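Novice: One structure, pasted below without further comment.
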Amino acid sequence: MTRTLAWARRAAGAAAGALAALALVSAAAAQEPTAEEQLASLAGALDTAWLLVTAFLVFFMQLGFAMVEAGFVRAKNVANILMKNILDCAMGGLAFFAVGWGLAYGVSGDSAGPFAGDGQFFLRGFDNWPSWIFQFAFAATAATIVSGAVAERTKFSAYLVYSAVITAFIYPVVVHWAWDSHGWLSAFRDDPIGANGYIDFAGSGVVHAVGGTAALVGAVMVGPRIGKFGPGRKVNVIPGHNITLAVLGMFVLWFGWYGFNPGSTLGLSGGLADLAAKVAVTTTLAAAAGGVAAALLTRALTGRYDLGLTVNGVLGGLVGITAGCAVVDAWAAIVIGAIGAGVVIGGVWLLDQLRVDDPVGAVSVHGFAGIWGVLAVGLFASEAGIAQAYGESDRYGLLLGGGAEQLGIQALGIAAIVAWTAVTAFVLFGALKLTIGLRVRPEEEERGLDVDEHGIEAYPDFGSSAQGLFVPVAHPGGAD
Amino acid sequence: MTRTLAWARRAAGAAAGALAALALVSAAAAQEPTAEEQLASLAGALDTAWLLVTAFLVFFMQLGFAMVEAGFVRAKNVANILMKNILDCAMGGLAFFAVGWGLAYGVSGDSAGPFAGDGQFFLRGFDNWPSWIFQFAFAATAATIVSGAVAERTKFSAYLVYSAVITAFIYPVVVHWAWDSHGWLSAFRDDPIGANGYIDFAGSGVVHAVGGTAALVGAVMVGPRIGKFGPGRKVNVIPGHNITLAVLGMFVLWFGWYGFNPGSTLGLSGGLADLAAKVAVTTTLAAAAGGVAAALLTRALTGRYDLGLTVNGVLGGLVGITAGCAVVDAWAAIVIGAIGAGVVIGGVWLLDQLRVDDPVGAVSVHGFAGIWGVLAVGLFASEAGIAQAYGESDRYGLLLGGGAEQLGIQALGIAAIVAWTAVTAFVLFGALKLTIGLRVRPEEEERGLDVDEHGIEAYPDFGSSAQGLFVPVAHPGGAD
Amino acid sequence: MTRTLAWARRAAGAAAGALAALALVSAAAAQEPTAEEQLASLAGALDTAWLLVTAFLVFFMQLGFAMVEAGFVRAKNVANILMKNILDCAMGGLAFFAVGWGLAYGVSGDSAGPFAGDGQFFLRGFDNWPSWIFQFAFAATAATIVSGAVAERTKFSAYLVYSAVITAFIYPVVVHWAWDSHGWLSAFRDDPIGANGYIDFAGSGVVHAVGGTAALVGAVMVGPRIGKFGPGRKVNVIPGHNITLAVLGMFVLWFGWYGFNPGSTLGLSGGLADLAAKVAVTTTLAAAAGGVAAALLTRALTGRYDLGLTVNGVLGGLVGITAGCAVVDAWAAIVIGAIGAGVVIGGVWLLDQLRVDDPVGAVSVHGFAGIWGVLAVGLFASEAGIAQAYGESDRYGLLLGGGAEQLGIQALGIAAIVAWTAVTAFVLFGALKLTIGLRVRPEEEERGLDVDEHGIEAYPDFGSSAQGLFVPVAHPGGAD
Amino acid sequence: MKRIEAIIRPGRLPFVKEALEELGYPGMTIAEVKGHGKQRGIVEQWRGRQYKVEYLPKIWLLIVVDDAHAQQVIDAIVDNAYTGEIGDGKIFVSEVTDVIRVRTRERGEAAI
Amino acid sequence: MKRIEAIIRPGRLPFVKEALEELGYPGMTIAEVKGHGKQRGIVEQWRGRQYKVEYLPKIWLLIVVDDAHAQQVIDAIVDNAYTGEIGDGKIFVSEVTDVIRVRTRERGEAAI
Amino acid sequence: MKRIEAIIRPGRLPFVKEALEELGYPGMTIAEVKGHGKQRGIVEQWRGRQYKVEYLPKIWLLIVVDDAHAQQVIDAIVDNAYTGEIGDGKIFVSEVTDVIRVRTRERGEAAI
Ligand SMILES: Nc1ncnc2c1ncn2[C@@H]1O[C@H](COP(=O)(O)OP(=O)(O)O)[C@@H](O)[C@H]1O
Ligand SMILES: Nc1ncnc2c1ncn2[C@@H]1O[C@H](COP(=O)(O)OP(=O)(O)O)[C@@H](O)[C@H]1O
Ligand SMILES: Nc1ncnc2c1ncn2[C@@H]1O[C@H](COP(=O)(O)OP(=O)(O)O)[C@@H](O)[C@H]1O
């Protein structure tokens, strides 16, 4: 009986090296694996390691979203938004297991169609674990974006249904289009649209614009919070309860983005390590540029360095670079990030004008900056960048002299994605509205969702002099 | 003089590739290493990388524990619980350095006995650094579990002693039993109990049930907080001060668990990468199922989606899958996670009935769900799963037709672990009670432990209108 | 057309292994790469992976700094300190892109001088991405240290300029001296000072003492907060607003330090994996010793276990071990960490005596403990330790019988670094004082920097009964 | 001069304030308090176990006015704090013997 | 009608409340305040340096009752807030000239 | 006995307190409140959009003294709370009919 792991475990206990382990593996196999086979196996292990570690980082973004959103809502709705963040991730996991993966990448027969995968539901006949965990983390990201936009007024049960549907259906179909080698938009198709197909390296469109579009539809259909818009053109301000949490969340998201973008090389061997490193650099520069641009812009516009919009600006820079991180040069990443922040700030202003209430800026950050990111590929992708990540091509960024074709494909791709998401999200939210209802009652909204939906206050005993007023610290006799 | 690192460092400064580095290494050795040696060395490096990265993730769980516990206690005891969390990790590090590792895996002569290791104390004659850091992170986890269960009333100095003893002695012995190749329970023993020995891949029993059992003994011996239980069967509620922190901690723990479980492959080469990825998937699904189950269960039982128990439910799912993550199928992970959440909720209720006061639910989450996790292996381990992780065997999960033997061994193993921990923890807490005392004075408890033990309030200047009332912002003249 | 990534991407969707990918890469090249070339490429990929993952961890320390500093300031200055933390990282990224890297490692012609690099500004002609991201993360760390020391009174615009200059100029020069193979202090120079050159493995001096020295200069030149020092020798206490945040930050920093120190091997192949693991262990032990020492010391000195200083003590232990983590034995790491905590506590007391106001202890933690760390190498470096990390040498730690030479070089090195930083920081802060001004007006300081500089309160709607008093929840008619 | 002390629902504060502003009241002081009268708390839960929250959040409002305007102010508060449900709150009126404006050291009605 | 304003120890609030409930008091309002009288603060420390916290947390309790029940309420508070240590607190009694119940616009004793 | 209720700037509290301490005042109670009088709020912003914060943070100070010392206490507060800018605050004085010290059950002036 082979005891590979036993040995490995023991190796941890004693001082045995990996040499022994390898030897054992060899011995276990009927015949010696060739050096080439061993090399390939090792390369595979390294690729898997990369997928796993970056998947974990992407998963960690769940915390970032939860904290940004919690910080941007009022104290009376904190437990509700946190619960939504936990549950969209948890429901998302189960939904992506049951259906999502199958629609995204599943193959039942020889190959899947251009519209959706068609096999491996419930992971039957499946063992590509590294890919599943990585793709799950992305799906959870797409799902969680909406919660912020519809915060402080949406029914919990309706949100649960929504989050299952987006991870099971709406998002996976887009993934299939753009990232599966059978997808009609895919750059990995044998015969892609145009020279390169739709280029969206880590998902400005596939993930963020999907989430952002669904968020917009949701925010419109749920309607604004009571008191957000006054009569006439009056826009009231409803500050969140804890800006520190929002900043905490932003740093966690930035950190997690190092899984999101560099991890999208899906491996390190065969030259991908260099690409991953370059992606890490462009990601960093875009985030930095987004932060600086937002700070200076708000200073110019309002006379003060605005912290909330700087948080959004960093995120806008990150969303903006996500599509092009592998194919643009460092300087272009800075430009894209800075414009991304501008798009976010403009978007926040625009939504206020349109009387759409998005408490955390999810539509602007993920939707508008996501669209910008996709288009930016058509403007800024360098020839060498495309060659390194997708193969040699003479169609690249318009502003770099690569013609307009790629920009056209990008526009087509994002239009299709936004349209698909808008329609399906509209149907979904519409159906919810007609059945269980989308929105809590006004009294409930005024009191806060925490008390009615979850029976809790987020900070029942807070404060420097908190006396636990609610707490029966002791009972002076009596039978009960 | 060889300057390996110098070169590597320089490589960072310039554009030299790893080729040069490798070449240098070769040159340094008297003769060329063979390709096979190089391969083995690289495989070893990859395995070390995995151990290191996952160890770091497991270490990060310290933050998760600290935040969950801080969120679940009242504001007046926050500094105390945080200090305990820092110190159990710090004391734990020193204790595990001095004694713990030696008892767990240390070998002085040819081999260690079945009960405990007997060498390498103070890491003398030791250089298996990757294993030490990984095992330290686990030891710190086991230690920190107790702090929550005895929170808000336990003397700080007594806690310090406790945390040193559990990491130096109680926990390492269990590790030796179950994970060292000489341990009597070990699945890695040449001649294990039954066909496979006791299977506890990442430690539902070895880590969590140990922590949970010690937590139960501690909570019973310290006694409930003043006011927790009223006369008759009355159970009072003492809400914690910050549910946001608890959720933050939960996400950090979930993230860290991706080190805990997948890292327990202890390497990636030789086929372990696939196993690690599968473990990541089962871990995810169990956590997700735990969260969904807890939310729906509390909704069914109390009419509202309970956030606190959903946090505990996710953790219960994670603890539950920890033993079996490598040997169960994806669907089984969902079942195990969901039941884990149920066990936690039942446990919380049961402890209240038994008038045992566990402010954060540590006993239920780590103790009860840990026991469940160990037994679940006996129920759900698949034949292929055991083959992949432990070697071919015809004894596997009872519910999958693998017979009752494995379940019996699991029951034996967890019984032994719980018994050992209960007895040693009882002696330890008993000795502390008789000497320095376990509990602060009632006045101190009412005032909060922060002020008396640490002279601090956690939030002296908090709030939107915090005026720093305590702060002598300026002094109008006078000599002092 | 080669579709490397396409295949990799597809590989994620299906079950193709790395074998295919490798084969493809081979096919793409005109002729088969030899096994040796493949090995080297794989080793390079692993090294890159290490650099990337550890760089991400180091980046994550930004969150740690932000939270420690936020926790240690008053509520009225929280948004300001958070904004500074975001912006020093963002500005730092752009500045390090434009100038910093070039001065640190850039080479325009054949080689750079001993004082500073001279090429690759704006990353022109540059593609060593893994190194850039790693070094960027370090630069951001050096930059962010100062914000805490000058917190609660420094003008935001002045701080922006400062943070650009330190990452563009002050810090990179020191890096060049100590870590570039052309630097005059460098241990990686062909002909280093003394036998080994200046040994500062991960930067107790290069990063922390630079930050700490600039922090000291800043704190002195900005002057103490209003009310910090009374008449005579009176020292007032100005408690921060949230100790939980400080602890959160500390754990994040400790976690990030596993990137900072072990990552400084800059790779894993060629034997570096073992070194990285050893570094992880010494780092852990020093942090643990720092925490325990600080807790016991404050207990001895004040009668109570002080949480704030324990947080600082852990960090002092970490800063202290940073220079010597690769070259000292485990026991020495404990000694260095414990003394590091002592140095921090003494430093905090000393600065109070000197009437220098450092709200978060940055000068003590990074400056004093950083200097201690550099000197500790001269005292505790073991012969075997130096051999493993820097090459065989008969000059090592004074206390271990290796003579005084290394201690002398360490003293020289740190003196040069402190002098350089002090002078340049003095000029910088002086220039800022004379131009835009360093300090906000007294009224602004009393009101808090948040309101005037950023127009925000950090917790506008906090508390269990927060009613959003500021929020116009609804408007009873009226045109506006 | 009258000391008018009102305990009202938090959500009604903006309306009360607006009404007072139209009256041109001299100033007001508010605080977050908790209380219960006829309205006896709500049921919350913590980790699954339910408990009664005895005190509900209210806003405490203090306005000192001269005798002539007292009734107007009271009416404005009552009109705008009203919802008709239990928990609408109460107003307590008492005498103030003196008022001092710190900035000018004015006293009495002039200081209000 | 009497305005009874008590400053008590936070830990005694549940007992006071229970006693008042037995009396059938009409309502109460509480707030977290800080104060000092004879009890002059405690010593805390921040990053190792000690300082005196001048104000200790107290609960401020407001109950308006008709004259007939005032003494009973005062007694209930005194009995249950008592520990015998410095810091037990004080009760201040003053006259209320009018009370209005917002929900019903009742005035005077009927509104209490 | 007089009930002296002052609304002052938070930043002046230490000075007021010091001055009262020199007088040997019997005790005081404070709370964080918000308010506005002539000083009508400041402009803040949230995610780029500006809004007027209507209420500014103030400290509410309650001191009950015997009639003899009332003027002294008022003077001490006025002197030390004064900055001369709008927003310095106000002091309201009213009659207290009774005072009870919980610890000793003393009543009236003896209890202050
Ligand atoms: N007699 C009282 N003394 C002090 N506060 C009171 C008194 N009666 C009511 N209150 C305050 O008024 C609030 C509303 O009282 P409630 O009895 O619910 O209103 P209503 O009289 O309209 O039913 C209570 O929460 C409490 O804070
Ligand atoms: N004259 C006073 N005016 C206002 N509040 C007072 C006064 N005297 C005492 N207090 C309040 O009562 C609390 C308890 O007073 P203290 O003097 O400690 O009690 P005791 O009189 O029993 O010693 C103080 O913290 C303060 O809030
Ligand atoms: N009539 C009043 N009733 C209650 N509180 C008042 C009244 N007038 C002023 N205040 C309180 O005093 C504070 C300062 O008042 P303000 O009018 O700004 O001072 P000043 O009269 O010196 O200009 C206000 O914020 C408010 O809390």
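We label chains A, B, ... in the order they appear in the structure tokens, count residues from 1 in each chain, and number ligands from 1 in the order shown.
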Select the residues contacting ligand 2 at a distance of at most 8 Å, based on only C-alpha atoms and all ligand atoms, then format the selection as a VMD selection string.
Specialist: (chain E and resid 7 to 9 33 to 40 55 to 58 84 to 90) or (chain F and resid 3 25 to 30 62 to 65 101 to 104 111 to 112)
Novice: Which residues of chain F come within 10 Å of chain A, and what is each one's closest atom pair and distance in Å (one decimal), counting only C-alpha atoms, sorted by chain and residue number, as a tab-separated table?
Specialist:
residue	atom	partner	partner_atom	distance
F:Glu44	CA	A:Arg304	CA	9.7
F:Gln45	CA	A:Asp306	CA	7.7
F:Trp46	CA	A:Pro239	CA	6.0
F:Arg47	CA	A:Gly308	CA	4.7
F:Gly48	CA	A:Asp306	CA	6.2
F:Arg49	CA	A:Val237	CA	7.1
F:Gln50	CA	A:Val237	CA	7.6
F:Tyr51	CA	A:Val237	CA	6.5
F:Lys52	CA	A:Val237	CA	9.3
Novice: Quick one: pick out all alpha helix (DSSP H) residues within chain F from a backbone DSSP run and write them as an MDAnalysis selection string.
Specialist: chainID F and resid 13:23 67:81
Novice: Take the selection from the previous step and output its residues with N, CA and C atoms, as a compact mmCIF listing (two decimals), in the first residue's frame.
Specialist:
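To be explicit, this is the file written out as part21.txt:
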# COMPACT_ATOMS: atom_id res chain seq x y z
N LEU F 13 -14.23 72.52 28.42
CA LEU F 13 -14.57 71.77 29.63
C LEU F 13 -13.42 71.68 30.63
N PRO F 14 -12.21 71.34 30.18
CA PRO F 14 -11.13 71.21 31.17
C PRO F 14 -10.91 72.50 31.95
N PHE F 15 -11.06 73.63 31.29
CA PHE F 15 -10.83 74.90 31.96
C PHE F 15 -11.94 75.17 32.98
N VAL F 16 -13.18 74.92 32.55
CA VAL F 16 -14.30 75.11 33.46
C VAL F 16 -14.13 74.22 34.67
N LYS F 17 -13.78 72.98 34.40
CA LYS F 17 -13.65 72.03 35.49
C LYS F 17 -12.58 72.47 36.49
N GLU F 18 -11.45 72.89 35.97
CA GLU F 18 -10.35 73.34 36.82
C GLU F 18 -10.81 74.49 37.71
N ALA F 19 -11.51 75.42 37.10
CA ALA F 19 -11.98 76.58 37.86
C ALA F 19 -12.95 76.15 38.95
N LEU F 20 -13.85 75.24 38.60
CA LEU F 20 -14.82 74.78 39.59
C LEU F 20 -14.11 74.05 40.72
N GLU F 21 -13.10 73.31 40.36
CA GLU F 21 -12.38 72.56 41.36
C GLU F 21 -11.77 73.51 42.39
N GLU F 22 -11.25 74.62 41.91
CA GLU F 22 -10.67 75.58 42.84
C GLU F 22 -11.74 76.15 43.78
N LEU F 23 -12.94 76.30 43.24
CA LEU F 23 -14.05 76.77 44.08
C LEU F 23 -14.46 75.73 45.11
N ASP F 67 -28.03 78.00 47.22
CA ASP F 67 -28.24 79.33 46.67
C ASP F 67 -27.03 80.24 46.88
N ALA F 68 -26.36 80.04 47.99
CA ALA F 68 -25.25 80.92 48.34
C ALA F 68 -24.12 80.85 47.31
N HIS F 69 -23.90 79.67 46.80
CA HIS F 69 -22.75 79.52 45.90
C HIS F 69 -23.09 79.63 44.43
N ALA F 70 -24.37 79.79 44.13
CA ALA F 70 -24.79 79.73 42.74
C ALA F 70 -24.05 80.75 41.88
N GLN F 71 -23.99 81.98 42.37
CA GLN F 71 -23.39 83.02 41.55
C GLN F 71 -21.92 82.75 41.25
N GLN F 72 -21.23 82.28 42.27
CA GLN F 72 -19.82 81.94 42.10
C GLN F 72 -19.62 80.90 41.00
N VAL F 73 -20.46 79.87 41.06
CA VAL F 73 -20.35 78.79 40.07
C VAL F 73 -20.65 79.34 38.68
N ILE F 74 -21.69 80.13 38.57
CA ILE F 74 -22.04 80.70 37.27
C ILE F 74 -20.89 81.55 36.73
N ASP F 75 -20.31 82.34 37.59
CA ASP F 75 -19.20 83.18 37.15
C ASP F 75 -18.03 82.33 36.66
N ALA F 76 -17.75 81.30 37.42
CA ALA F 76 -16.62 80.44 37.03
C ALA F 76 -16.87 79.82 35.67
N ILE F 77 -18.10 79.39 35.43
CA ILE F 77 -18.40 78.80 34.13
C ILE F 77 -18.27 79.85 33.03
N VAL F 78 -18.90 80.99 33.24
CA VAL F 78 -18.87 82.02 32.20
C VAL F 78 -17.43 82.43 31.89
N ASP F 79 -16.65 82.64 32.94
CA ASP F 79 -15.28 83.09 32.72
C ASP F 79 -14.47 82.10 31.89
N ASN F 80 -14.71 80.83 32.14
CA ASN F 80 -13.84 79.84 31.53
C ASN F 80 -14.39 79.23 30.26
N ALA F 81 -15.67 79.40 30.03
CA ALA F 81 -16.25 78.86 28.80
C ALA F 81 -16.17 79.90 27.69
Novice: Would you mind listing what lies within 6 Å of A:Val327 as a list in words, with only C-alpha atoms counted and same-chain residues fewer than 6 positions away left out?
Specialist: Ala381, Gly385 and Ile386 of chain A
Novice: Record the distance separating atom CA of C:Phe156 and atom CA of C:Ala139, expressed in Å with one decimal.
Specialist: 20.0 Å
Novice: Restricting the calculation to only C-alpha atoms and all ligand atoms, which member of F:Pro10, F:Gly24, F:Lys2, F:Glu95 is positioned closest to ligand 3?
Specialist: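 Result for the nearest residue to ligand 3: F:Pro10.
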Novice: Give the strand (DSSP E) residues of stretch 2-61 of chain F, as assigned by DSSP on the backbone, as a ChimeraX atom specification.
Specialist: /F:2-8,28-36,42-46,49-53,56-61
Novice: Using only C-alpha atoms, which of the listed residues (E:Ala31, E:Ala110, E:Val53, E:Ile4) sits closest to chain D?
Specialist: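 Using only C-alpha atoms, the shortest distance to chain D belongs to E:Ala31.
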